[in-house]
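> Sharing a structure, written as structure tokens. Questions coming.
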Amino acid sequence: MKYIIIPFIALGLTLGMVYGVVYDCEGAEPFPTYYGSPFVFKQSSLGSSMEYFFSITGILLNMVVWSVVLFVLRFGYQVVLELARYNVYLRISYYVVVAFLVVFTFLNLFMLTIEKGTGFGPDMNYWYWNVDKDSQDYGMECEGTWGFITP
């Protein structure tokens, strides 16, 4: 069951931008804002402030990164649990945190259905974006800012 729940929670942490980077680009033309966690997976739409486009490869790579982090944290928790001789309060708190993260993921998936842009193509929802190439083609300078709970 953990092999299903951990990647699912990793998806929620990716989509929720719990910790990630925001790339703002400056130049002569309007350019979308890109979001990563750590790989770029989301861009803002230039047509609407509430519409975003997603990169499938970026989402999958971020899920792998967050899954590894969650597997390491779970392993650390198992060690602490053994050292504490399987304390009941530690086990209950673990299940409460997991339940909270599963609900968090469901809420993020619901928000994704609302804010997801329509269409599938290189400038919309797509398999992969080359942000560096796009920014160089338009003469943009992109700067990333790391932070917790970024938009």
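Each chain in the structure tokens gets a letter, A, B and so on, in the order shown; residues start at 1 in every chain, and ligands are counted from 1 in the order they appear.
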Can you tell me which residues surround stretch 50-63 of chain A at a distance of at most 6 Å, considering only C-alpha atoms, apart from same-chain residues fewer than 6 positions away, and format the answer as a PyMOL selection string?
chain A and resi 10-11+39-44+115-117+124-128
> Would you tabulate, counting only C-alpha atoms, all residues of stretch 7-109 of chain A that have an atom at most 7 Å from an atom of stretch 137-147 of chain A, showing the closest pair of atoms and their distance in Å to one decimal, sorted by chain then ascending number, as JSON lines?

{"residue": "A:Tyr19", "atom": "CA", "partner": "A:Gly147", "partner_atom": "CA", "distance": 5.8}
{"residue": "A:Gly20", "atom": "CA", "partner": "A:Trp146", "partner_atom": "CA", "distance": 5.6}
{"residue": "A:Val21", "atom": "CA", "partner": "A:Trp146", "partner_atom": "CA", "distance": 4.3}
{"residue": "A:Val22", "atom": "CA", "partner": "A:Thr145", "partner_atom": "CA", "distance": 5.3}
{"residue": "A:Tyr23", "atom": "CA", "partner": "A:Gly144", "partner_atom": "CA", "distance": 4.2}
{"residue": "A:Asp24", "atom": "CA", "partner": "A:Cys142", "partner_atom": "CA", "distance": 5.5}
{"residue": "A:Cys25", "atom": "CA", "partner": "A:Cys142", "partner_atom": "CA", "distance": 4.0}
{"residue": "A:Glu26", "atom": "CA", "partner": "A:Glu141", "partner_atom": "CA", "distance": 5.4}
{"residue": "A:Gly27", "atom": "CA", "partner": "A:Met140", "partner_atom": "CA", "distance": 4.8}
> Between atom CA of A:Val64 and atom CA of A:Leu109, what is the spacing in Å?
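Atom-to-atom, atom CA of A:Leu109 and atom CA of A:Val64 are spaced 17.4 Å apart.
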